[in-house]
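I have placed the structure first, in the form of structure tokens, so that the comments after it can refer back to it.
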Amino acid sequence: MSDTLLANLNPEQLAAVTLPDQPALILAGAGSGKTRVLTTRIAWLIQTGRVSPQGVLAVTFTNKAAKEMLTRLSAMLPINVRGMWLGTFHGLCNRFLRLHHRDAGLPQTFQILDTQDQQSAIKRLMKANGVDDEKYPPKQVGWFINNCKESGLRPGDVEVNDEFNRKYVQLYQLYQDQCEREGVVDFAELLLRTYEVLLKNIPLRTHYQHRFSHILIDEFQDTNTLQYAWLRLLAGQGEYMSDIDRTRAAESKRIAVANIFAVGDDDQSIYAFRGANVGNMDSLVRDFQVRNLIKLEQNYRSHGHILNSANALIKNNAKRLGKELWTDAGVGEQVRVFEAPSDLAEAQFVLEEVGGLTRDGWPRSQCAILYRSNAQSRAFEQGLMRHGIPYRVYGGLRFFERAEIKHALAYLRLMENPHDDTAFARVVNLPTRGIGARSVEQLQDMARERGTSLYGAVAFLAGKAGTSIGAFVKLIDGMRFATQGLPLHEIVEHIIDASGLLAMYRADKEGEERIENLEELVNAARNFNAEEGYALDAPATQAEAENELPSPLAAFLSHASLEAGDNQAQAGEDAVQLMTVHAAKGLEFDAVFLTGLEEGLFPHENSLKEDGGIEEERRLMYVAITRARKRLYISFCASRMMHGQTRYGLKSRFFDELPEEALRWLTPKISGMGTGFSAGMRDAWQRGGGKPFGDADYGGGAVPAFAKPQTSHGWRLGQGVRHPKFGEGVIVNLEGAGNDARAQINFGEAGMKWLALSVARLERV
């Protein structure tokens with residue numbers, strides 16, 4: 001049966017699976033079969049009698065991965081493997097603490113606080129102790145506590161360097177005391193409490209060190225400081241032991257030292273923001289004196305041009321253990337590179353390509369659109385909605401379903417209709433303004449008694465509740481007055497700021513992405529104006545005065561509601577996949593569209609300020625590239641709506657690190673340009689006063705390629721023209737000179753047309 005188990009493994013996989021009982025690090029490249037190696041290693045150890053199922057400890061990072069490994073092991077072995085210690089760090093620690101709750105000082109029925117429960121507990125604690133939650137935001141307190149725990153620090157271990165920090169430490173102590181009284185633990189506590197019990201209880205530690213003679217870890221590059229310390233402790237390499245003690249322990253066979261089998265890829269370490277420490281791989285090699293370092297470099301997922309691009313890119317990272325992916329599946333198709341004039345044109349191109357692939361028989365579910373920032377999803381979602389294409393946002397919410405967007409829309413709904421009770425209740429105390437649940441209940445009672453809306457009932461509410469909610473009503477009325485006569489996008493921009501939402505998320509440690517989404521809402525409003533026929537600078541009352549259309553704000557709110565409630569794919573439905581690059585890790589697709597490759601976006605501007613930030617962004621790009629099996633598209637934009645304004649960007653530095661022979665440029669790659677606009681093109685565009693390309697409607701036609709503009713013929717990019725046959729249009733591309741000059745013009749319903757300027761009867765408009 002051993003031969004059957006090892007059949008079809010390549011030489012490196014076979015070497016890894018059959019390693020002797022020594023510490024090992026397996027560098028498993030993307031698509032190299034690491035899960036197969038890990039599960040086969042466990043099955044081989046059990047089948048050959050090297051260990052019993054009870055002697056294996058296997059750690060994964062997700063419950064999904066744990067279930068998959070158990071399923072594979074069940075198929076490989078003729079025994080029941082369900083009782084094995086195989087699971088996530090949190091799952092295994094929970095199991096340990098249930099068995100040894102007395103040693104851990106916990107009740108047998110202790111409960112686990114999820115993230116929301118933890119936040120509720122912290123808010124309750126702060127209220128009970130009279131702590132200002134604006135000066136010390138509960139989320140920030142939670143992050144401080146969790147970061148301390150993940151570093152192995154209790155309140156008494158935290159260094160206090162100022163009064164502000166001292167308060168956080170005091171709150172940590174109060175929170176710890178509250179959890180002890182209530183018999184609850186949070187996620188970070190599961191691991192820390194387990195580590196502390198093993199550290200202090202020598203007989204218990206010795207028992208588990210002897211029991212688990214083989215420790216196997218998946219995704220080792222994603223371990224944090226405490227997780228690695230926990231693994232060292234169980235493997236007999238804890239820092240509490242001196243070298244002499246460790247040697248004596250090993251000689252006396254009191255502990256099973258160093259049978260650790262770590263599988264990971266330092267090139268795919270992309271979770272530093274969660275505390276992951278890629279340096280743990282170097283530490284493992286040093287601490288366990290690893291002599292068995294095996295590289296799994298044969299890739300079973302992607303074709304050659306895709307892998308060559310990934311290899312060339314990641315070689316620019318200095319701090320890596322080093323490997324090079326290869327495949328015997330052939331070079332395949334070149335990586336397609338597309339330069340779009342705008343983010344809307346980029347979305348149009350991607351959707352047309354997806355449409356072409358599906359017409360050729362590719363499943364929609366095998367087409368993935370990846371982006372660096374969640375806010376980028378809106379343009380793609382909008383296009384998919386318009387074309388009636390089912391889609392699924394993987395690992396996240398659709399744009400108009402995101403909490404920060406729904407908050408902003410609630411304020412906008414109150415601008416349009418102050419008697420909207422649902423919107424009123426949603427934001428009356430968001431951001432927090434001292435309006436408690438009891439005050440809201442009083443208002444609701446008054447509204448029922450008076451037969452009016454919550455807004456209308458405020459005038460009848462007395463006491464503290466009347467004062468605090470009255471201040472909210474004044475805020476709403478003040479914002480409505482301040483936005484009279486403003487165009488739609490400026491209304492949205494003003495409300496986001498004046499409501500306090502922007503300040504709330506700026507104070508949030510993880511609020512940057514939410515701010516980007518709110519800024520994208522401003523972009524959505526600006527684009528909506530143009531798409532629905534409102535002038536960009538039209539005040540909100542223009543259409544109402546003409547009795548032709550609803551106000552821009554009312555129309556926009558209807559549009560948002562309809563988009564939020566439609567076109568998300570049903571379970572099992574064939575649908576295009578949308579996701580951030582972070583969410584794509586571990587997944588693979590036949591066709592991948594990697595979008596927004598511009599400086600400041602990918603790599604993200606924040607990476608420039610962080611030590612090792614660019615290397616982490618490069619690893620993220622490497623992960624994105626290696627998601628593709630057969631076809632990879634990479635796109636970037638000459639201009640993009642960001643922060644409510646049109647930005648002219650530079651193409652990502654990562655393009656310069658890709659091998660030219662692996663790329664196929666779908667738009668002309670112009671020497672010295674390579675950044676969307678040349679300086680001459682940008683100057684000509686700005687002198688012409690034309691709208692940004694993002695304001696043009698490309699309909700269903702092809703997206704224009706770019707060439708250097710020639711201004712000697714008197715025409716310019718963005719210029720409005722009229723043709724006797726095709727009607728009015730906008731010049732979106734110019735090339736050639738003299739009698740050879742021609743222009744590509746977007747004529748709206750008539751589509752895109754290339755016309756020779758020497759013979760076309762064009763008029764300026």
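Identifiers in this document derive from the order of the structure tokens: chains are assigned A, B, ..., residues are numbered from 1 separately in each chain, and ligands are numbered from 1 in order of occurrence.
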Which of stretch 281-446 of chain A fall in strand (DSSP E or B), as a count of residues only:
21
Which neighbours of A:Leu99 fall inside 9 Å, counting only C-alpha atoms, when residues of the same chain fewer than 4 positions from it are skipped, and could you give them as a PDB file with N, CA and C atoms, in the first residue's frame?
ATOM      1  N   ASN A  94      -8.453  25.679  21.650  1.00  0.00           N
ATOM      2  CA  ASN A  94      -9.756  25.494  22.295  1.00  0.00           C
ATOM      3  C   ASN A  94      -9.889  24.061  22.805  1.00  0.00           C
ATOM      4  N   ARG A  95      -9.461  23.113  21.984  1.00  0.00           N
ATOM      5  CA  ARG A  95      -9.523  21.699  22.389  1.00  0.00           C
ATOM      6  C   ARG A  95      -8.655  21.453  23.617  1.00  0.00           C
ATOM      7  N   GLN A 108     -15.337  25.008  33.131  1.00  0.00           N
ATOM      8  CA  GLN A 108     -15.461  23.984  32.093  1.00  0.00           C
ATOM      9  C   GLN A 108     -16.308  24.471  30.920  1.00  0.00           C
TER      10      GLN A 108
END
Could you pull the residues within 9 Å of A:Glu588, counting only C-alpha atoms, minus those fewer than 2 positions along the same chain, as a ChimeraX atom specification?
/A:31,301,366,368,584-586,590-592,626-629
What's around stretch 211-226 of chain A at 9 Å? Count only C-alpha atoms, leave out sequence neighbours fewer than 5 positions away in its own chain, and write the answer as a ChimeraX atom specification.
/A:21,34-35,38,42,45,51,54-61,149-152,191-192,195,206,231,234-235,255-272,274-281
d(atom CA of A:Leu86, atom CA of A:Lys64) in Å
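These two atoms are separated by 11.8 Å.
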What gap, in Å, lies between atom CA of A:Asn129 and atom CA of A:Gly434?
15.6 Å
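For the pair atom CA of A:Phe460 and atom CA of A:Val473, the interatomic distance is 12.9 Å.
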So, with only C-alpha atoms as the atoms that count, which of A:Asn417, A:Ser74, A:Thr194, A:Asn523 lies closest to A:Tyr455?
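So, comparing all the options, the nearest one is A:Asn417.
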Report the residues of stretch 33-176 of chain A whose backbone DSSP state falls under alpha helix (DSSP H), written as a ChimeraX atom specification.
/A:34-47,63-76,89-99,101-104,115-128,138-150,163-176
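Distance check against A:Gln111 using only C-alpha atoms: of A:Gly451, A:Gly183, A:Pro137, A:Gly649, the minimum falls on A:Gly183.
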8 Å contact set for stretch 616-618 of chain A, only C-alpha atoms, chain neighbours under 2 positions out, as a list in words:
Ser269, Ile270, Ala272, Leu313, Ile314, Asn317, Phe602, Pro603, His604, Ser607, Gly612, Gly613, Ile614, Leu620, Met621, Tyr622 and Phe654 of chain A
Write the selection just made, keeping N, CA, C and O atoms, as a short mmCIF file (atom, residue, chain, number, x, y, z; two decimals), in the first residue's frame?
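This is the output file result_4.cif:
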data_model
loop_
_atom_site.label_atom_id
_atom_site.label_comp_id
_atom_site.auth_asym_id
_atom_site.auth_seq_id
_atom_site.Cartn_x
_atom_site.Cartn_y
_atom_site.Cartn_z
N SER A 269 4.08 35.48 1.50
CA SER A 269 3.78 36.06 2.80
C SER A 269 3.21 37.46 2.60
O SER A 269 3.96 38.40 2.30
N ILE A 270 1.88 37.60 2.76
CA ILE A 270 1.22 38.87 2.43
C ILE A 270 0.35 39.39 3.58
O ILE A 270 -0.50 40.26 3.37
N ALA A 272 1.43 40.72 6.71
CA ALA A 272 2.17 41.43 7.76
C ALA A 272 1.23 42.31 8.57
O ALA A 272 1.43 42.50 9.77
N LEU A 313 9.57 38.73 -11.52
CA LEU A 313 9.14 39.75 -10.58
C LEU A 313 9.72 39.52 -9.19
O LEU A 313 10.34 40.40 -8.60
N ILE A 314 9.53 38.33 -8.66
CA ILE A 314 9.87 38.07 -7.26
C ILE A 314 11.37 38.04 -7.03
O ILE A 314 11.83 38.21 -5.89
N ASN A 317 13.00 40.80 -4.91
CA ASN A 317 12.97 40.84 -3.44
C ASN A 317 14.27 40.29 -2.90
O ASN A 317 14.69 39.17 -3.26
N PHE A 602 -1.02 50.08 -6.84
CA PHE A 602 -0.36 48.77 -6.74
C PHE A 602 1.02 48.91 -7.36
O PHE A 602 1.14 48.83 -8.59
N PRO A 603 2.08 49.16 -6.59
CA PRO A 603 2.10 49.11 -5.12
C PRO A 603 1.33 50.28 -4.49
O PRO A 603 1.32 51.39 -5.03
N HIS A 604 0.73 49.97 -3.36
CA HIS A 604 -0.08 50.95 -2.65
C HIS A 604 0.83 52.04 -2.08
O HIS A 604 1.96 51.78 -1.68
N SER A 607 2.79 51.61 1.16
CA SER A 607 3.96 50.73 1.22
C SER A 607 5.26 51.51 1.17
O SER A 607 6.30 51.04 1.63
N GLY A 612 10.07 47.49 4.41
CA GLY A 612 9.75 46.25 3.71
C GLY A 612 8.42 46.29 2.98
O GLY A 612 7.95 45.26 2.49
N GLY A 613 7.83 47.49 2.88
CA GLY A 613 6.50 47.61 2.28
C GLY A 613 6.47 47.24 0.81
O GLY A 613 5.56 46.54 0.35
N ILE A 614 7.47 47.69 0.04
CA ILE A 614 7.49 47.38 -1.39
C ILE A 614 7.69 45.88 -1.61
O ILE A 614 7.09 45.29 -2.52
N LEU A 620 2.61 40.33 -3.00
CA LEU A 620 1.18 40.36 -3.30
C LEU A 620 0.95 40.26 -4.81
O LEU A 620 0.05 39.55 -5.28
N MET A 621 1.77 40.96 -5.59
CA MET A 621 1.70 40.87 -7.05
C MET A 621 2.02 39.45 -7.52
O MET A 621 1.37 38.91 -8.42
N TYR A 622 3.00 38.83 -6.89
CA TYR A 622 3.38 37.45 -7.21
C TYR A 622 2.21 36.50 -6.96
O TYR A 622 1.92 35.62 -7.78
N PHE A 654 6.21 47.64 -11.22
CA PHE A 654 6.32 46.19 -11.41
C PHE A 654 6.35 45.80 -12.89
O PHE A 654 6.84 44.72 -13.23
#
With only C-alpha atoms as the counted atoms, please give the residues lying no more than 12 Å from stretch 15-17 of chain A, apart from itself and same-chain residues fewer than 3 positions off, as an MDAnalysis selection string.
chainID A and resid 2 5:7 9:12 20:28 33:46 48 216 261:263 292:296
